[in-house]
$ cat upload.cif   # mmCIF, C-alpha atoms
data_data
#
loop_
_atom_site.label_atom_id
_atom_site.label_comp_id
_atom_site.auth_asym_id
_atom_site.auth_seq_id
_atom_site.Cartn_x
_atom_site.Cartn_y
_atom_site.Cartn_z
CA MET A 1 48.02 42.09 -48.75
CA ASN A 2 50.76 39.49 -48.97
CA GLU A 3 48.83 37.14 -51.12
CA ASN A 4 47.30 39.84 -53.21
CA LEU A 5 50.51 41.56 -54.14
CA PHE A 6 51.17 39.19 -57.00
CA ALA A 7 47.55 38.57 -57.81
CA SER A 8 47.55 41.12 -60.58
CA PHE A 9 50.17 39.17 -62.47
CA ILE A 10 48.34 35.89 -62.88
CA THR A 11 47.01 35.05 -66.30
CA PRO A 12 43.44 36.23 -66.59
CA MET A 13 40.86 33.55 -67.21
CA MET A 14 37.17 33.97 -67.44
CA PHE A 15 34.91 30.96 -67.31
CA GLY A 16 37.97 28.90 -68.10
CA LEU A 17 38.50 30.72 -71.36
CA PRO A 18 41.91 32.22 -71.96
CA LEU A 19 41.06 35.87 -71.82
CA VAL A 20 44.71 36.72 -72.20
CA THR A 21 44.43 36.27 -75.98
CA LEU A 22 41.96 39.11 -76.14
CA ILE A 23 44.10 41.30 -73.95
CA VAL A 24 47.19 40.68 -76.06
CA LEU A 25 45.25 41.49 -79.23
CA PHE A 26 43.66 44.62 -77.81
CA PRO A 27 46.41 47.17 -78.66
CA SER A 28 46.01 46.38 -82.32
CA LEU A 29 42.59 48.02 -82.15
CA LEU A 30 44.24 51.30 -81.35
CA PHE A 31 46.26 51.43 -84.55
CA PRO A 32 43.84 51.64 -87.45
CA THR A 33 45.04 51.25 -91.01
CA SER A 34 44.05 53.24 -94.01
CA SER A 35 44.85 53.11 -97.67
CA ARG A 36 44.33 56.79 -98.37
CA LEU A 37 46.99 59.35 -99.04
CA VAL A 38 45.65 62.01 -96.71
CA ASN A 39 44.18 60.53 -93.56
CA ASN A 40 42.39 61.67 -90.49
CA ARG A 41 44.28 63.12 -87.59
CA LEU A 42 44.84 59.92 -85.68
CA ILE A 43 46.27 57.91 -88.53
CA SER A 44 48.46 60.80 -89.68
CA LEU A 45 49.88 61.13 -86.18
CA GLN A 46 50.68 57.46 -86.05
CA GLN A 47 52.25 57.45 -89.49
CA TRP A 48 54.42 60.43 -88.63
CA MET A 49 55.59 58.81 -85.42
CA LEU A 50 56.33 55.54 -87.17
CA GLN A 51 58.34 57.30 -89.88
CA LEU A 52 60.36 59.14 -87.29
CA VAL A 53 61.19 55.99 -85.36
CA SER A 54 61.95 53.86 -88.38
CA LYS A 55 64.24 56.44 -89.93
CA GLN A 56 66.19 56.75 -86.73
CA MET A 57 66.47 53.07 -86.14
CA MET A 58 66.99 51.60 -89.57
CA SER A 59 69.52 54.09 -90.86
CA ILE A 60 72.49 52.14 -89.54
CA HIS A 61 71.70 48.97 -91.44
CA ASN A 62 72.63 47.99 -94.94
CA THR A 63 70.12 46.74 -97.48
CA LYS A 64 69.97 43.25 -96.09
CA GLY A 65 69.41 44.48 -92.58
CA GLN A 66 66.67 46.84 -93.65
CA THR A 67 64.46 43.93 -94.64
CA TRP A 68 63.88 43.57 -90.92
CA ALA A 69 62.31 47.03 -90.71
CA LEU A 70 58.73 45.76 -90.55
CA MET A 71 59.53 43.29 -87.80
CA LEU A 72 61.37 45.80 -85.64
CA MET A 73 58.76 48.51 -86.07
CA SER A 74 55.91 46.22 -85.11
CA LEU A 75 58.00 45.05 -82.17
CA ILE A 76 58.51 48.51 -80.79
CA LEU A 77 54.87 49.42 -81.33
CA PHE A 78 53.67 46.28 -79.61
CA ILE A 79 55.92 46.54 -76.57
CA GLY A 80 55.33 50.27 -76.20
CA SER A 81 51.57 50.01 -76.44
CA THR A 82 51.24 47.01 -74.11
CA ASN A 83 53.46 48.65 -71.53
CA LEU A 84 51.56 51.92 -71.66
CA LEU A 85 48.20 50.18 -71.48
CA GLY A 86 49.41 48.29 -68.44
CA LEU A 87 49.62 51.54 -66.52
CA LEU A 88 45.86 51.91 -66.54
CA PRO A 89 44.18 50.81 -63.30
CA HIS A 90 43.40 47.12 -62.99
CA SER A 91 44.78 46.21 -66.38
CA PHE A 92 46.90 43.20 -67.14
CA THR A 93 50.24 43.67 -68.86
CA PRO A 94 51.27 40.72 -71.00
CA THR A 95 54.90 41.80 -70.96
CA THR A 96 55.16 40.96 -67.28
CA GLN A 97 55.04 37.30 -68.17
CA LEU A 98 58.49 35.87 -68.74
CA SER A 99 57.07 33.30 -71.11
CA MET A 100 55.94 35.94 -73.54
CA ASN A 101 59.16 37.90 -73.43
CA LEU A 102 61.23 34.80 -73.98
CA GLY A 103 58.96 33.99 -76.88
CA MET A 104 59.76 37.37 -78.37
CA ALA A 105 63.46 37.47 -77.58
CA ILE A 106 64.69 34.02 -78.50
CA PRO A 107 63.38 33.80 -82.09
CA LEU A 108 64.58 37.30 -82.94
CA TRP A 109 68.03 36.79 -81.51
CA ALA A 110 68.33 33.34 -83.04
CA GLY A 111 67.27 34.70 -86.42
CA ALA A 112 69.92 37.40 -86.31
CA VAL A 113 72.69 35.02 -85.22
CA ILE A 114 71.82 32.31 -87.70
CA THR A 115 71.65 34.84 -90.53
CA GLY A 116 75.11 35.96 -89.58
CA PHE A 117 76.45 32.45 -89.47
CA ARG A 118 74.97 31.45 -92.77
CA ASN A 119 75.92 34.47 -94.81
CA LYS A 120 79.12 35.72 -93.28
CA THR A 121 80.55 32.78 -91.41
CA LYS A 122 84.04 34.12 -90.96
CA THR A 123 82.94 37.49 -89.65
CA SER A 124 80.50 35.97 -87.19
CA LEU A 125 83.07 33.59 -85.85
CA ALA A 126 85.53 36.45 -85.63
CA HIS A 127 83.22 38.19 -83.18
CA PHE A 128 84.23 35.65 -80.60
CA LEU A 129 87.69 37.09 -80.29
CA PRO A 130 88.17 40.83 -79.82
CA GLN A 131 91.12 42.39 -81.53
CA GLY A 132 94.45 42.69 -79.86
CA THR A 133 94.17 40.13 -77.10
CA PRO A 134 97.41 38.66 -75.81
CA THR A 135 97.89 35.07 -76.93
CA PRO A 136 97.72 33.22 -73.57
CA LEU A 137 94.29 34.71 -72.90
CA ILE A 138 92.69 33.45 -76.11
CA PRO A 139 91.03 30.19 -74.94
CA MET A 140 89.47 31.82 -71.89
CA LEU A 141 88.25 34.78 -73.88
CA VAL A 142 86.58 32.56 -76.48
CA ILE A 143 84.69 30.80 -73.73
CA ILE A 144 83.66 34.10 -72.20
CA GLU A 145 82.49 35.46 -75.53
CA THR A 146 80.47 32.31 -76.20
CA ILE A 147 78.75 32.62 -72.86
CA SER A 148 78.02 36.28 -73.47
CA LEU A 149 76.54 35.42 -76.84
CA PHE A 150 74.21 32.81 -75.43
CA ILE A 151 73.12 35.01 -72.60
CA GLN A 152 71.86 37.73 -74.95
CA PRO A 153 68.28 36.45 -75.46
CA VAL A 154 67.85 35.60 -71.81
CA ALA A 155 69.05 39.06 -70.85
CA LEU A 156 66.67 40.68 -73.31
CA ALA A 157 63.65 38.84 -71.96
CA VAL A 158 64.52 39.10 -68.28
CA ARG A 159 65.36 42.79 -68.58
CA LEU A 160 61.94 43.63 -69.95
CA THR A 161 60.07 41.40 -67.51
CA ALA A 162 61.94 42.60 -64.46
CA ASN A 163 61.65 46.30 -65.26
CA ILE A 164 57.94 46.27 -65.90
CA THR A 165 57.11 43.92 -63.04
CA ALA A 166 59.21 45.91 -60.58
CA GLY A 167 57.56 49.14 -61.60
CA HIS A 168 54.07 47.72 -61.20
CA LEU A 169 54.92 46.21 -57.83
CA LEU A 170 56.33 49.50 -56.57
CA ILE A 171 53.21 51.33 -57.59
CA HIS A 172 51.04 48.77 -55.80
CA LEU A 173 53.11 48.93 -52.64
CA ILE A 174 53.41 52.68 -52.42
CA GLY A 175 49.76 53.14 -53.26
CA GLY A 176 48.80 50.75 -50.51
CA ALA A 177 51.10 52.53 -48.10
CA THR A 178 49.53 55.88 -48.95
CA LEU A 179 46.05 54.54 -48.33
CA ALA A 180 47.01 53.01 -45.04
CA LEU A 181 48.84 56.12 -43.85
CA MET A 182 46.00 58.48 -44.62
CA SER A 183 44.09 57.72 -41.43
CA ILE A 184 47.19 57.72 -39.23
CA ASN A 185 49.17 60.77 -40.26
CA THR A 186 48.09 62.89 -43.20
CA THR A 187 51.41 64.62 -43.83
CA THR A 188 53.26 61.38 -44.37
CA ALA A 189 50.46 60.28 -46.62
CA LEU A 190 50.95 63.42 -48.65
CA ILE A 191 54.64 62.76 -49.01
CA THR A 192 53.96 59.21 -50.07
CA PHE A 193 51.42 60.48 -52.56
CA ILE A 194 53.99 62.75 -54.12
CA ILE A 195 56.33 59.78 -54.38
CA LEU A 196 53.53 57.90 -56.09
CA ILE A 197 53.09 60.65 -58.65
CA LEU A 198 56.80 60.71 -59.40
CA LEU A 199 56.80 56.98 -59.73
CA THR A 200 53.95 57.08 -62.19
CA VAL A 201 55.81 59.56 -64.34
CA LEU A 202 58.81 57.26 -64.20
CA GLU A 203 56.66 54.36 -65.21
CA PHE A 204 55.45 56.16 -68.28
CA ALA A 205 59.01 56.80 -69.28
CA VAL A 206 60.09 53.26 -68.49
CA ALA A 207 57.29 51.81 -70.54
CA MET A 208 58.47 53.56 -73.64
CA ILE A 209 62.15 53.21 -72.94
CA GLN A 210 61.95 49.48 -72.48
CA ALA A 211 60.31 49.09 -75.83
CA TYR A 212 63.05 51.16 -77.36
CA VAL A 213 65.83 49.28 -75.67
CA PHE A 214 64.50 45.92 -76.69
CA THR A 215 64.21 46.90 -80.28
CA LEU A 216 67.51 48.69 -80.30
CA LEU A 217 69.33 45.68 -79.03
CA VAL A 218 67.73 43.39 -81.54
CA SER A 219 68.75 45.77 -84.27
CA LEU A 220 72.27 45.84 -82.93
CA TYR A 221 72.48 42.09 -83.02
CA LEU A 222 71.19 42.31 -86.53
CA HIS A 223 73.80 44.85 -87.50
CA ASP A 224 76.54 42.62 -86.27
CA ASN A 225 75.33 39.81 -88.37
CA THR A 226 74.42 41.27 -91.74
CA MET B 1 1.17 45.90 -84.31
CA ALA B 2 2.45 44.93 -87.69
CA SER B 3 5.14 47.25 -89.00
CA VAL B 4 5.81 48.51 -92.44
CA VAL B 5 9.29 47.03 -92.87
CA PRO B 6 9.65 43.20 -92.67
CA LEU B 7 10.63 42.14 -89.18
CA LYS B 8 14.01 40.68 -90.02
CA GLU B 9 15.62 43.94 -91.08
CA GLU B 10 14.36 46.24 -88.37
CA LYS B 11 16.79 47.88 -86.07
CA LEU B 12 16.41 47.19 -82.39
CA LEU B 13 15.02 50.55 -81.39
CA GLU B 14 12.26 50.34 -83.91
CA VAL B 15 11.01 46.91 -82.98
CA GLU B 16 7.80 47.02 -81.02
CA LEU B 17 7.73 45.43 -77.62
CA GLY B 18 5.38 42.59 -78.42
CA GLU B 19 7.52 41.45 -81.29
CA LEU B 20 10.75 41.38 -79.34
CA PRO B 21 11.04 37.61 -78.68
CA SER B 22 10.47 36.74 -82.32
CA TRP B 23 12.95 39.44 -83.34
CA ILE B 24 15.64 37.97 -81.11
CA LEU B 25 15.07 34.50 -82.45
CA MET B 26 15.21 35.69 -86.00
CA ARG B 27 18.72 37.21 -85.83
CA ASP B 28 21.19 34.73 -87.12
CA PHE B 29 23.59 33.38 -84.56
CA THR B 30 25.90 31.61 -86.92
CA PRO B 31 29.59 32.50 -86.51
CA SER B 32 29.59 34.57 -89.66
CA GLY B 33 26.51 36.37 -88.38
CA ILE B 34 28.17 37.21 -85.09
CA ALA B 35 31.32 38.33 -86.88
CA GLY B 36 29.16 40.49 -89.12
CA ALA B 37 27.54 42.07 -86.08
CA PHE B 38 30.94 42.86 -84.56
CA GLN B 39 32.10 44.33 -87.83
CA ARG B 40 29.03 46.51 -88.16
CA GLY B 41 29.40 47.76 -84.60
CA TYR B 42 33.07 48.49 -85.10
CA TYR B 43 32.44 50.42 -88.29
CA ARG B 44 29.67 52.46 -86.72
CA TYR B 45 32.09 53.45 -83.96
CA TYR B 46 34.91 53.96 -86.44
CA ASN B 47 32.96 56.22 -88.75
CA GLU B 48 31.67 58.35 -85.97
CA TYR B 49 34.89 58.89 -84.07
CA VAL B 50 37.95 58.04 -86.05
CA ASN B 51 37.27 58.68 -89.67
CA VAL B 52 36.60 62.36 -89.21
CA LYS B 53 39.18 64.83 -90.40
CA ARG B 54 40.06 66.29 -87.02
CA GLY B 55 39.47 63.65 -84.42
CA SER B 56 39.56 64.43 -80.76
CA ILE B 57 40.91 62.82 -77.67
CA ALA B 58 37.42 61.73 -76.68
CA ARG B 59 37.69 58.75 -78.92
CA LEU B 60 40.77 57.32 -77.27
CA SER B 61 39.51 58.05 -73.78
CA LEU B 62 36.30 56.19 -74.53
CA VAL B 63 38.17 53.09 -75.56
CA LEU B 64 40.51 53.24 -72.58
CA ALA B 65 37.67 53.80 -70.14
CA ALA B 66 35.85 50.80 -71.55
CA TYR B 67 39.06 48.79 -71.19
CA VAL B 68 39.44 49.82 -67.55
CA VAL B 69 35.85 48.88 -66.76
CA PHE B 70 36.31 45.55 -68.50
CA ASN B 71 39.37 44.77 -66.43
CA TYR B 72 37.72 45.86 -63.22
CA ARG B 73 34.86 43.48 -63.83
CA ARG B 74 37.31 40.73 -64.58
CA SER B 75 39.29 41.14 -61.37
CA HIS B 76 36.35 41.96 -59.11
CA LYS B 77 36.57 38.68 -57.30
CA GLU B 78 40.07 39.29 -56.00
CA LEU B 79 39.46 42.96 -55.34
CA LYS B 80 36.48 42.23 -53.12
CA HIS B 81 38.77 41.25 -50.26
CA GLU B 82 40.60 44.53 -50.25
CA ARG B 83 37.70 46.72 -49.25
CA PRO B 84 38.18 48.45 -45.90
CA ARG B 85 35.39 46.67 -44.10
CA LYS B 86 35.23 45.12 -40.69
CA TYR B 87 33.88 41.78 -41.86
CA HIS B 88 35.02 40.59 -45.27
#

$ encode --input "upload.cif" --output "structure tokens"
Amino acid sequence: MNENLFASFITPMMFGLPLVTLIVLFPSLLFPTSSRLVNNRLISLQQWMLQLVSKQMMSIHNTKGQTWALMLMSLILFIGSTNLLGLLPHSFTPTTQLSMNLGMAIPLWAGAVITGFRNKTKTSLAHFLPQGTPTPLIPMLVIIETISLFIQPVALAVRLTANITAGHLLIHLIGGATLALMSINTTTALITFIILILLTVLEFAVAMIQAYVFTLLVSLYLHDNT
Amino acid sequence: MASVVPLKEEKLLEVELGELPSWILMRDFTPSGIAGAFQRGYYRYYNEYVNVKRGSIARLSLVLAAYVVFNYRRSHKELKHERPRKYH
């Protein structure tokens, strides 16, 4: 059990071929495209959901920030669908790999910051110093703000990785405990099973919330910088 | 034994048993041929389940079930050791 606890997080290979590429590309199969005006039920549902989310998320940006709408919408769809697919039994969730989350977080954050520096240099530099600080505190506060700026992408990536990995691990552990307890004492097994059900419901929520949080934060960084 | 349609264009279920080896050899295995086969399979599935006006949940469940089975096969080697048996 000790060795196998993390076995579901290793990158899947089959015959030495990187199967992980296929698994990362799989959610795109679930979102078909269509060029018609009136579509079938599935595509209409997805279009309605996408409109709802994009209106809510892109309304705070100005024109320049709204050019990022496509990127942010595909981001939230990708993270949401991969997280939800990872809740199926035996499946592999690519978002548990820190490498992938860093690969998503760092370019997006860097793009937002560099856009801010190039187009509105004074405003971006002004973010380093909150208003109304007493004068002796200024040098220390600038250092603190710089550190908090550079920690943003790392925090984004690690937050997503840690949440999803922790949820999956908990489900594994509690499921194993339920199985082991069933032969010893059925009542405790029942209690543990109820905990497992609650945890699964939580995981569904977490899967979607994490996607939302990631995208929301990226859009906030964007808003600061456009 | 000989069929009415030329052998190359017959569908699999209509090929007669004696002709099966030559049928298999005659399908083209070039990359574009394989891609074409995937595309045809995908569109058969798509037109039957997705492109209808009021699709059902059966379509999504089919895909997810296939995905689960695929992953189970992939991780079978590590899962073998977790069976509750006396001798592993």

$ closest_atom_pairs --input "upload.cif" --of "chain A" --to "chain B" --cutoff "6 Å" --atoms "all atoms listed in the file" --output "CSV"
residue,atom,partner,partner_atom,distance
A:Asn40,CA,B:Lys53,CA,4.5
A:Arg41,CA,B:Arg54,CA,5.3
A:His90,CA,B:Asn71,CA,5.8
A:Ser91,CA,B:Asn71,CA,5.6

$ atom_distance --input "upload.cif" --atom1 "atom CA of Val24 of chain A" --atom2 "atom CA of Val53 of chain A"
22.7 Å

$ resolve_selection --input "upload.cif" --expression "the PyMOL selection byres ((chain A and resi 191-196) around 12)" --output "number ranges by chain"
A: 167-182, 185-190, 197-203

$ atom_distance --input "upload.cif" --atom1 "atom CA of Val20 of chain A" --atom2 "atom CA of Gln47 of chain A"
28.0 Å

$ atom_distance --input "upload.cif" --atom1 "atom CA of Ser61 of chain B" --atom2 "atom CA of Met49 of chain A"
19.9 Å

$ residues_around --input "upload.cif" --residues "Ala110 of chain A" --least-positions-apart "3" --cutoff "12 Å" --atoms "all atoms listed in the file" --output "list in words"
Leu102, Gly103, Met104, Ala105, Ile106, Pro107, Val113, Ile114, Thr115, Gly116, Phe117, Arg118, Leu149, Phe150, Ile151, Gln152, Pro153, Val154, Val218, Tyr221, Leu222 and Asn225 of chain A

$ residues_around --input "upload.cif" --residues "Ile23 of chain A" --least-positions-apart "4" --cutoff "9 Å" --atoms "all atoms listed in the file" --output "PyMOL selection string"
chain A and resi 12+19+27+92-94

$ residues_around --input "upload.cif" --residues "Thr165 of chain A" --least-positions-apart "4" --cutoff "12 Å" --atoms "only C-alpha atoms" --output "number ranges by chain"
A: 5-6, 8-10, 83, 86-87, 92-98, 158-161, 169-172, 203, 206-207, 210

$ residues_around --input "upload.cif" --residues "Trp68 of chain A" --least-positions-apart "3" --cutoff "12 Å" --atoms "all atoms listed in the file" --output "list in words"
Ser54, Met57, Met58, Ser59, His61, Asn62, Thr63, Lys64, Gly65, Met71, Leu72, Met73, Ser74, Leu75, Leu108, Gly111, Ala112, Thr115, Thr215, Val218, Ser219, Leu220, Tyr221, Leu222, His223 and Thr226 of chain A

$ write_last_selection --input "upload.cif" --atoms "C-alpha atoms" --output "JSON list (two decimals), in the coordinates of the input"
[["chain", "number", "residue", "atom", "x", "y", "z"],
["A", 54, "SER", "CA", 61.95, 53.86, -88.38],
["A", 57, "MET", "CA", 66.47, 53.07, -86.14],
["A", 58, "MET", "CA", 66.99, 51.60, -89.57],
["A", 59, "SER", "CA", 69.52, 54.09, -90.86],
["A", 61, "HIS", "CA", 71.70, 48.97, -91.44],
["A", 62, "ASN", "CA", 72.63, 47.99, -94.94],
["A", 63, "THR", "CA", 70.12, 46.74, -97.48],
["A", 64, "LYS", "CA", 69.97, 43.25, -96.09],
["A", 65, "GLY", "CA", 69.41, 44.48, -92.58],
["A", 71, "MET", "CA", 59.53, 43.29, -87.80],
["A", 72, "LEU", "CA", 61.37, 45.80, -85.64],
["A", 73, "MET", "CA", 58.76, 48.51, -86.07],
["A", 74, "SER", "CA", 55.91, 46.22, -85.11],
["A", 75, "LEU", "CA", 58.00, 45.05, -82.17],
["A", 108, "LEU", "CA", 64.58, 37.30, -82.94],
["A", 111, "GLY", "CA", 67.27, 34.70, -86.42],
["A", 112, "ALA", "CA", 69.92, 37.40, -86.31],
["A", 115, "THR", "CA", 71.65, 34.84, -90.53],
["A", 215, "THR", "CA", 64.21, 46.90, -80.28],
["A", 218, "VAL", "CA", 67.73, 43.39, -81.54],
["A", 219, "SER", "CA", 68.75, 45.77, -84.27],
["A", 220, "LEU", "CA", 72.27, 45.84, -82.93],
["A", 221, "TYR", "CA", 72.48, 42.09, -83.02],
["A", 222, "LEU", "CA", 71.19, 42.31, -86.53],
["A", 223, "HIS", "CA", 73.80, 44.85, -87.50],
["A", 226, "THR", "CA", 74.42, 41.27, -91.74]]

$ closest_residue --input "upload.cif" --among "A:Leu85, A:Met100, A:Gln131, A:Asn163" --to "Thr21 of chain A" --atoms "only C-alpha atoms"
A:Met100
